[in-house]
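S.K.: Below: one structure in structure tokens.
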Amino acid sequence: MTRNRSVLRLVLLYAVLGIAWTVFAERILLALAPDGLVLSHLEVWNGVIFVIFSAGFLFLAAGGLREPEPDAGQDGVPRGAGALVLVFTAFAAAIVLTGLGGVARTADKQREKEIERLQSIADLKVRQISLWLGERLADARVVRNDDSLFEAYADWKRTGEDRHRRRLLERLRMHGATGDYPVVTLLDEAGRVVLQSEGEADEEPPLREAALRALATGEVISSDLYGAAAGHPSHPHGVHLDLVAPLRGGRDGVRAAVALRIDPNRFLYPYIQTWPVPSASAETLLFRGEGDHVLFLNELRHRSNTALKLRVPFDRGADLLAVQVLMGRAKPGEPVEGRDYRDVPVLGVVKSVPGTPWFMVAKLDKAELYAPTRGDAAWIAVAEILALAVAAVAITLIHQRRELRHARLRRQEQEEKLRALQLLNAVAESSTDSIFAKDTEGRYILVNRELSRQTGKTREEILGRNDRELFAQEDADRLVALDRQVLAGDHPITAEETLTTPGGRRTFQSTKGPLFDTAGNAIGLFGVARDITEHKFQERELRAGEARYRAVFDAVSDAVSLHDAATGAIIEANDRFVRLFGYSRNEARNLEIGDLGGDHPPHTRDWLRGWFRRAGRGEAADFEWQARRRDGRLFPVEVRMRRTEVAGHACVLVLMRSLEDAARTTFSEGGRAQPA
């Protein structure tokens with residue numbers, strides 16, 4: 001009967017431990033390995049660990065069916081081999097589980113590292129594409145402002161003479177060569193192709209649609225990437241992008257637009273397909289949404305002939321990174337897990353390209369992502385084996401030294417508590433801040449010398465009393481309300497308190513926090529209060545001084561700006577500067593000295609910076625100059641630059657007086673002297 005009861009107890013204990021182990025290990029692995037691919041591998045090893053644990057437990061069960069040995073320690077812990085095996089089994093399980101956690105953390109760190117790299121690459125490529133598009137738009141604006149081009153078209157349309165047509169064609173080819181545009185097309189007010197720089201005239205519907213919008217709005221309009229007619233000589237690559245610029249003019253009712261054709265294979269596609277570091281699977285690609293489909297815009301690394309041809313419906317590619325972003329299940333800029341067009345598990349980052357309906361994906365196969373983790377896992381396994389060997393040796397010594405260690409720790413703990421109390425008392429008494437503690441009823445249980453001095457009461461008169469007995473009713477109500485807020489929370493609160501003291505009304509900055517017992521229950525609060533009355537007064541005086549300085553600075557009739565002597569950046573500017581140049585103060589702080597000129601010879605940026613460097617060396621710099629307002633208009637000014645120091649920082653003070661305001665109509669092209 002006794003034997004049967006022992007077996008039943010062991011079976012029940014084994015069942016409880018098995019359930020506890022499964023739940024505990026599962027929670028740890030879920031916390032450490034959010035990636036499903038890594039978690040699936042770790043769960044296999046978790047099963048191996050449980051088998052090892054079960055073997056050790058069954059060994060103990062077999063030994064536990066015998067009669068217990070009478071030899072036991074004074075603390076009741078058996079000293080036989082069974083107890084050592086039990087402890088070692090627990091240690092072994094903990095060590096192996098820790099190793100699995102280490103592998104999971106290594107994989108997670110590798111994932112975070114790759115996410116940062118993907119973020120950086122995606123940001124870099126999106127930024128570069130935006131700059132590239134910006135340069136193309138700038139070229140289109142240059143075309144829009146080409147009066148010679150419009151005049152040539154107007155003359156040709158009016159006379160029909162071939163010389164005007166040749167001149168018009170030369171202008172179109174010149175713009176094409178300037179920006180490396182393979183085809184430049186002239187369209188009339190109806191969006192029809194009139195003349196084309198290269199090849200036969202073609203009228204793609206997206207081109208005509210963009211031309212009509214540009215003529216209607218008067219702005220440069222960009223078409224989206226689109227496929228062209230196969231085999232057409234003007235677009236042999238089959239994909240292009242058009243920028244349409246309406247020409248300025250309108251003389252005699254003549255209206256026209258010019259389209260700059262961009263071949264994405266010359267820059268956009270090659271740039272997207274490059275990857276800055278060696279990788280077997282990493283890839284960047286462009287896509288956009290078309291109804292309930294994803295359209296891939298460029299040639300893909302692992303599949304050919306896909307630009308503007310590969311479309312995937314949302315319902316068939318729910319795990320695609322692109323579909324997750326387009327359907328709102330993932331936000332651009334955040335890491336996204338899923339599958340790519342090859343149905344391969346990947347990790348990626350999706351970024352939107354500003355000013356376009358395009359999205360950029362930078363992605364990496366998970367198999368390549370976690371490849372470095374395998375080597376780390378092998379080293380962790382070696383470390384675990386060594387740890388198990390050390391644990392086997394250490395377990396045999398732990399029991400012998402436990403009592404001695406506990407006694408030594410108790411003695412050290414008592415000594416440390418005594419030193420801590422002495423140190424706390426010394427700090428509190430020597431502090432210039434008021435330090436105190438209260439119980440949950442608001443009664444003072446700790447008071448230092450400074451608090452006694454501030455209240456004008458002895459420590460004995462304060463201890464055991466509350467704020468209503470020590471301060472005026474209004475002050476006490478505020479203190480009690482703040483104490484209740486502190487006790488209701490779990491973190492310190494810092495606030496300003498104004499109290500009536502024997503020295504008058506004083507302002508204190510107090511920090512109060514709850515005190516907890518070992519069970520986590522609030523038993524009171526502590527507080528540290530600093531008298532900041534003088535500091536508050538100094539702050540008010542400083543603000544008043546700053547207001548006076550600003551009033552004088554803005555009252556000067558000349559435009560005054562203060563610049564960093566090293567970089568030329570504007571640190572501060574007065575009201576006259578704002579009115580004269582048309583920039584707000586915040587906008588002016590984003591400028592430097594060279595941004596204030598027109599950069600026209602001889603008054604170039606380098607010429608002006610030469611004067612600025614001379615002033616920065618402490619030399620006198622007085623000259624006349626052509627400044628440029630925010631709207632681009634140039635105007636003559638008389639300039640004086642002087643070196644100065646502000647708060648120990650080298651600066652240059654620049655005073656400018658408009659010669660237009662002084663009724664001067666001429667301006668010296670060379671200035672008074674040439675800068676060094």
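Residues are referred to by chain and number: the chain letter is A, B, ... according to the order shown in the structure tokens, the number counts from 1 in that chain, and ligands are numbered separately from 1 in the order shown.
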For Thr185 (chain A), work out the shell of residues within 8 Å, counting only C-alpha atoms and skipping chain neighbours fewer than 4 positions away, then give it as a list in words.
M.R.: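 With the cut-off at 8 Å, the set is Leu172, Val193, Val194, Leu195, Gln196, Ser197, Val258, Ala259, Leu260 and Arg261 of chain A.
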S.K.: Near Ala256 (chain A), counting only C-alpha atoms, which residues have an atom at most 6 Å away, once you skip same-chain residues fewer than 5 positions from it, shown as a PyMOL selection string?
M.R.: chain A and resi 187-189+247
S.K.: With C-alpha atoms retained, export the selected residues as an mmCIF file, in the first residue's frame.
M.R.:
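Just written: result28.cif:
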data_model
loop_
_atom_site.group_PDB
_atom_site.id
_atom_site.type_symbol
_atom_site.label_atom_id
_atom_site.label_comp_id
_atom_site.auth_asym_id
_atom_site.auth_seq_id
_atom_site.Cartn_x
_atom_site.Cartn_y
_atom_site.Cartn_z
ATOM 1 C CA LEU A 187 2.598 68.882 -78.554
ATOM 2 C CA ASP A 188 -0.081 71.402 -79.571
ATOM 3 C CA GLU A 189 -2.968 72.732 -77.470
ATOM 4 C CA LEU A 247 5.476 76.555 -72.698
#
S.K.: So that I can check the surroundings of Asp340 (chain A), please list as number ranges by chain every protein, DNA and RNA residue that reaches within 8 Å of it, counting only C-alpha atoms and ignoring chain neighbours fewer than 4 positions away.
M.R.: A: 319-321, 344-346
S.K.: Using only C-alpha atoms, which of A:Arg408, A:Lys366, A:Arg329, A:Arg613 sits nearest Asp343 (chain A)?
M.R.: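 Of all the options, A:Lys366 lies closest to Asp343 (chain A).
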S.K.: If you count only C-alpha atoms, which residues fall within 10 Å of Ile493 (chain A), apart from same-chain ones fewer than 5 positions away, as a ChimeraX atom specification?
M.R.: /A:482-483,485-486,510-514,527
S.K.: Could you write out the selected residues, including N, CA and C atoms, as a short mmCIF file (atom, residue, chain, number, x, y, z; two decimals), in the first residue's frame?
M.R.:
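So the final result, stored in out18.cif, reads:
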data_model
loop_
_atom_site.label_atom_id
_atom_site.label_comp_id
_atom_site.auth_asym_id
_atom_site.auth_seq_id
_atom_site.Cartn_x
_atom_site.Cartn_y
_atom_site.Cartn_z
N LEU A 482 -1.60 66.64 -3.19
CA LEU A 482 -0.46 66.07 -3.91
C LEU A 482 -0.03 64.74 -3.28
N ASP A 483 -0.07 64.66 -1.94
CA ASP A 483 0.29 63.40 -1.28
C ASP A 483 -0.65 62.27 -1.69
N GLN A 485 -2.21 61.99 -4.51
CA GLN A 485 -1.87 61.62 -5.89
C GLN A 485 -0.64 60.72 -5.93
N VAL A 486 0.36 61.02 -5.08
CA VAL A 486 1.58 60.21 -5.03
C VAL A 486 1.26 58.80 -4.54
N SER A 510 9.55 70.23 -5.22
CA SER A 510 9.53 69.01 -4.41
C SER A 510 9.35 67.78 -5.30
N THR A 511 10.03 66.72 -4.90
CA THR A 511 9.87 65.42 -5.55
C THR A 511 9.38 64.44 -4.50
N LYS A 512 8.22 63.84 -4.76
CA LYS A 512 7.62 62.91 -3.81
C LYS A 512 7.37 61.59 -4.50
N GLY A 513 7.61 60.51 -3.76
CA GLY A 513 7.38 59.19 -4.31
C GLY A 513 6.86 58.25 -3.25
N PRO A 514 6.15 57.18 -3.66
CA PRO A 514 5.59 56.25 -2.68
C PRO A 514 6.66 55.33 -2.08
N GLY A 527 9.88 62.48 0.43
CA GLY A 527 9.91 63.74 -0.29
C GLY A 527 11.24 64.45 -0.14
#
S.K.: Applying 10 Å and only C-alpha atoms, which residues near Val254 (chain A) remain after dropping the ones on its own chain fewer than 4 positions away? List them as an MDAnalysis selection string.
M.R.: chainID A and resid 150:151 153:154 157:158 188:189 247:250
S.K.: Can I get the selected residues back with C-alpha atoms, as a PDB file, in the first residue's frame?
M.R.:
ATOM      1  CA  PHE A 150       8.175  79.014 -77.898  1.00  0.00           C
ATOM      2  CA  GLU A 151       9.087  81.745 -80.367  1.00  0.00           C
ATOM      3  CA  TYR A 153       7.249  77.192 -82.580  1.00  0.00           C
ATOM      4  CA  ALA A 154       5.095  80.296 -82.997  1.00  0.00           C
ATOM      5  CA  LYS A 157       3.196  77.655 -86.988  1.00  0.00           C
ATOM      6  CA  ARG A 158       2.613  81.117 -88.447  1.00  0.00           C
ATOM      7  CA  ASP A 188      -0.081  71.402 -79.571  1.00  0.00           C
ATOM      8  CA  GLU A 189      -2.968  72.732 -77.470  1.00  0.00           C
ATOM      9  CA  LEU A 247       5.476  76.555 -72.698  1.00  0.00           C
ATOM     10  CA  ARG A 248       5.103  80.103 -71.494  1.00  0.00           C
ATOM     11  CA  GLY A 249       3.816  82.574 -74.064  1.00  0.00           C
ATOM     12  CA  GLY A 250       0.408  82.367 -75.602  1.00  0.00           C
TER      13      GLY A 250
END
S.K.: From a backbone DSSP assignment, name each residue in region 397-592 of chain A labelled alpha helix (DSSP H), as a ChimeraX atom specification.
M.R.: /A:397-430,449-455,459-462,467-470,473-488,533-555,575-581,585-588
S.K.: Counting only C-alpha atoms, which residue out of A:Gly442, A:Arg171, A:Leu118, A:Arg255 sits closest to Ala152 (chain A)?
M.R.: A:Arg171
S.K.: Based on the backbone DSSP call, show me all residues of region 160-377 of chain A assigned strand (DSSP E or B), as a VMD selection string.
M.R.: chain A and resid 183 to 188 193 to 196 221 to 222 226 to 227 239 to 246 256 to 262 283 to 290 293 to 296 311 to 313 320 335 to 339 345 to 352 359 to 365
S.K.: Could you check the closest approach to Pro601 (chain A) for each of A:Tyr583, A:Trp358, A:Tyr370, A:Trp625 and tell me which residue wins, using only C-alpha atoms?
M.R.: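 Once distances to Pro601 (chain A) are computed over only C-alpha atoms, the minimum belongs to A:Trp625.
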S.K.: Quick one: everything within 9 Å of region 374-389 of chain A, counting only C-alpha atoms, minus sequence neighbours fewer than 4 positions away in the same chain. Send it as a PDB file with N, CA and C atoms, in the first residue's frame.
M.R.:
ATOM      1  N   PHE A  88      20.914  18.501 -10.196  1.00  0.00           N
ATOM      2  CA  PHE A  88      21.631  18.584 -11.469  1.00  0.00           C
ATOM      3  C   PHE A  88      20.662  18.605 -12.655  1.00  0.00           C
ATOM      4  N   PHE A  91      19.317  22.041 -12.927  1.00  0.00           N
ATOM      5  CA  PHE A  91      20.336  22.933 -13.479  1.00  0.00           C
ATOM      6  C   PHE A  91      20.521  22.687 -14.973  1.00  0.00           C
ATOM      7  N   ALA A  92      20.552  21.422 -15.358  1.00  0.00           N
ATOM      8  CA  ALA A  92      20.751  21.105 -16.774  1.00  0.00           C
ATOM      9  C   ALA A  92      19.621  21.668 -17.621  1.00  0.00           C
ATOM     10  N   ILE A  95      20.069  25.432 -17.840  1.00  0.00           N
ATOM     11  CA  ILE A  95      21.183  25.824 -18.712  1.00  0.00           C
ATOM     12  C   ILE A  95      20.806  25.666 -20.181  1.00  0.00           C
ATOM     13  N   VAL A  96      20.183  24.518 -20.502  1.00  0.00           N
ATOM     14  CA  VAL A  96      19.817  24.295 -21.901  1.00  0.00           C
ATOM     15  C   VAL A  96      18.742  25.287 -22.339  1.00  0.00           C
ATOM     16  N   THR A  98      18.318  28.246 -21.133  1.00  0.00           N
ATOM     17  CA  THR A  98      19.014  29.528 -21.307  1.00  0.00           C
ATOM     18  C   THR A  98      19.743  29.573 -22.642  1.00  0.00           C
ATOM     19  N   GLY A  99      20.346  28.438 -23.015  1.00  0.00           N
ATOM     20  CA  GLY A  99      21.003  28.396 -24.322  1.00  0.00           C
ATOM     21  C   GLY A  99      20.033  28.623 -25.461  1.00  0.00           C
ATOM     22  N   LEU A 100      18.846  27.987 -25.346  1.00  0.00           N
ATOM     23  CA  LEU A 100      17.834  28.223 -26.374  1.00  0.00           C
ATOM     24  C   LEU A 100      17.424  29.691 -26.401  1.00  0.00           C
ATOM     25  N   GLY A 102      19.330  32.115 -25.555  1.00  0.00           N
ATOM     26  CA  GLY A 102      20.437  32.834 -26.178  1.00  0.00           C
ATOM     27  C   GLY A 102      20.393  32.748 -27.693  1.00  0.00           C
ATOM     28  N   VAL A 103      20.071  31.568 -28.205  1.00  0.00           N
ATOM     29  CA  VAL A 103      19.945  31.426 -29.661  1.00  0.00           C
ATOM     30  C   VAL A 103      18.811  32.316 -30.177  1.00  0.00           C
ATOM     31  N   THR A 106      19.965  35.856 -30.094  1.00  0.00           N
ATOM     32  CA  THR A 106      20.911  36.097 -31.190  1.00  0.00           C
ATOM     33  C   THR A 106      20.173  36.270 -32.504  1.00  0.00           C
ATOM     34  N   ALA A 107      19.184  35.391 -32.728  1.00  0.00           N
ATOM     35  CA  ALA A 107      18.395  35.513 -33.958  1.00  0.00           C
ATOM     36  C   ALA A 107      17.627  36.827 -33.985  1.00  0.00           C
ATOM     37  N   TYR A 370      18.888  34.492 -41.226  1.00  0.00           N
ATOM     38  CA  TYR A 370      19.257  33.744 -40.033  1.00  0.00           C
ATOM     39  C   TYR A 370      20.441  32.814 -40.249  1.00  0.00           C
ATOM     40  N   VAL A 393      30.141  19.576 -11.390  1.00  0.00           N
ATOM     41  CA  VAL A 393      31.158  19.686 -10.337  1.00  0.00           C
ATOM     42  C   VAL A 393      30.683  20.600  -9.227  1.00  0.00           C
ATOM     43  N   ALA A 394      30.020  21.726  -9.633  1.00  0.00           N
ATOM     44  CA  ALA A 394      29.624  22.712  -8.631  1.00  0.00           C
ATOM     45  C   ALA A 394      28.540  22.192  -7.703  1.00  0.00           C
TER      46      ALA A 394
END
S.K.: Nearest to Phe537 (chain A) among A:Tyr549, A:Leu634, A:Lys125, A:Arg506, with distances taken over only C-alpha atoms: which residue is it?
M.R.: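 Ranking A:Tyr549, A:Leu634, A:Lys125, A:Arg506 by distance to Phe537 (chain A), first place goes to A:Arg506.
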S.K.: Quick check, in Å to one decimal: how far apart do CA of Glu592 (chain A) and CA of Leu653 (chain A) lie?
M.R.: 12.8 Å
S.K.: Please measure the separation of CA of Leu286 (chain A) and CA of Arg111 (chain A), giving the value in Å to one decimal.
M.R.: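 So the answer is 23.0 Å.
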